[in-house]
Amino acid sequence: MSRTVSYKRNLVFIDTSAWIMLMNQDETRHREAVKTYNERLINSAKATSNLVVSETYTWLRMRTSFKNALDFLTAIRQMQEDELLTIIWSNNRLEEKAIKYLQKYRDHKLSFVDAVSFALMAELKIKDTFSFDRHFNIAGFATINSL
């Protein structure tokens, strides 16, 4: 079921790396991620993309457990229902812009998901990201956690 969501100002974009750190207690920066989320994001308007959700689920499923991956999807759905998280869907326009990011940063090993994330952040004027991926800084976005 699709619904129209009006984008709030001052959204913080949550990247795959942050979701993984939050969901996987075995990650070295898990505690840092939880602390950052609880102290700086709990009351913030948050967004992520359907591609990030897919990438995170797949990573968690392949490297942790089905239960952990499913818990992630359940948490995402609940956050959406509670209007604490906006999922932004990729489309042809964003993916065309993503290719330009891939070309611009060809000397970096960017994922397509990262490039689409950059495109949607630029389009929606989202400046801040919760990420442990230095590529967001390289592309000119601020991270709210310490890298």
# chains A, B, ... in the order shown; residues from 1 in each chain; ligands from 1
call {"tool": "residues_around", "arguments": {"residues": "Ser54 of chain A", "least_positions_apart": "5", "cutoff": "12 Å", "atoms": "only C-alpha atoms", "output": "list of chain:residue names"}}
result
A:Asp15, A:Thr16, A:Trp19, A:Ile20, A:Thr48, A:Ser49, A:Trp59, A:Leu60, A:Arg61, A:Ala69, A:Leu70, A:Phe72, A:Leu73, A:Ile76, A:Ile87, A:Trp89, A:Ser90, A:Val113
call {"tool": "write_last_selection", "arguments": {"atoms": "N, CA and C atoms", "output": "tab-separated table (two decimals), in the first residue's frame"}}
result
chain	number	residue	atom	x	y	z
A	15	ASP	N	21.58	5.69	6.64
A	15	ASP	CA	22.24	4.82	5.66
A	15	ASP	C	22.31	3.38	6.17
A	16	THR	N	22.58	2.48	5.25
A	16	THR	CA	22.72	1.06	5.56
A	16	THR	C	23.70	0.82	6.70
A	19	TRP	N	22.07	1.44	10.03
A	19	TRP	CA	21.08	0.40	10.36
A	19	TRP	C	21.80	-0.88	10.81
A	20	ILE	N	22.87	-1.24	10.11
A	20	ILE	CA	23.61	-2.46	10.47
A	20	ILE	C	24.20	-2.33	11.87
A	48	THR	N	14.94	7.19	5.01
A	48	THR	CA	15.84	6.22	4.40
A	48	THR	C	15.22	5.89	3.05
A	49	SER	N	15.84	5.02	2.30
A	49	SER	CA	15.27	4.66	1.00
A	49	SER	C	14.90	3.19	0.97
A	59	TRP	N	22.06	-7.75	3.97
A	59	TRP	CA	23.29	-7.85	4.76
A	59	TRP	C	23.02	-8.59	6.06
A	60	LEU	N	21.97	-8.19	6.77
A	60	LEU	CA	21.65	-8.83	8.05
A	60	LEU	C	21.31	-10.30	7.86
A	61	ARG	N	20.57	-10.61	6.81
A	61	ARG	CA	20.17	-12.01	6.56
A	61	ARG	C	21.37	-12.88	6.24
A	69	ALA	N	17.23	-10.10	10.67
A	69	ALA	CA	16.81	-9.41	9.45
A	69	ALA	C	15.32	-9.10	9.47
A	70	LEU	N	14.52	-10.07	9.92
A	70	LEU	CA	13.08	-9.85	10.01
A	70	LEU	C	12.73	-8.82	11.08
A	72	PHE	N	14.51	-6.31	11.80
A	72	PHE	CA	14.78	-5.02	11.16
A	72	PHE	C	13.57	-4.57	10.34
A	73	LEU	N	13.03	-5.45	9.50
A	73	LEU	CA	11.87	-5.09	8.68
A	73	LEU	C	10.67	-4.74	9.55
A	76	ILE	N	11.26	-1.26	10.93
A	76	ILE	CA	11.05	-0.25	9.89
A	76	ILE	C	9.56	-0.01	9.67
A	87	ILE	N	10.11	6.47	4.16
A	87	ILE	CA	10.83	5.68	3.17
A	87	ILE	C	10.69	6.39	1.84
A	89	TRP	N	11.29	6.23	-2.11
A	89	TRP	CA	11.44	5.20	-3.13
A	89	TRP	C	12.28	5.69	-4.29
A	90	SER	N	13.17	4.84	-4.71
A	90	SER	CA	13.99	5.13	-5.88
A	90	SER	C	13.10	5.20	-7.11
A	113	VAL	N	23.57	1.91	-4.36
A	113	VAL	CA	22.66	2.38	-3.31
A	113	VAL	C	23.17	3.70	-2.73
call {"tool": "closest_atom_pairs", "arguments": {"of": "segment 33-54 of chain A", "to": "segment 127-142 of chain A", "cutoff": "10 Å", "atoms": "only C-alpha atoms", "output": "Markdown table"}}
result
| residue | atom | partner | partner_atom | distance |
| --- | --- | --- | --- | --- |
| A:Ala33 | CA | A:Phe130 | CA | 8.8 |
| A:Thr36 | CA | A:Phe130 | CA | 8.7 |
| A:Tyr37 | CA | A:Phe130 | CA | 8.4 |
| A:Arg40 | CA | A:Phe130 | CA | 9.8 |
| A:Leu41 | CA | A:Phe130 | CA | 8.7 |
| A:Lys46 | CA | A:Thr129 | CA | 9.3 |
| A:Ala47 | CA | A:Thr129 | CA | 9.2 |
| A:Thr48 | CA | A:Thr129 | CA | 9.5 |
call {"tool": "closest_residue", "arguments": {"among": "A:Ala18, A:Glu55, A:Ile99, A:Arg106", "to": "Glu32 of chain A", "atoms": "only C-alpha atoms"}}
result
A:Ala18
call {"tool": "select_by_dssp", "arguments": {"residues": "segment 14-131 of chain A", "states": "strand (DSSP E or B)", "output": "MDAnalysis selection string"}}
result
chainID A and resid 14 46:49 85:88 128:130
call {"tool": "closest_residue", "arguments": {"among": "A:Asn50, A:Leu94, A:Ser65, A:Glu39", "to": "Arg77 of chain A", "atoms": "only C-alpha atoms"}}
result
A:Asn50
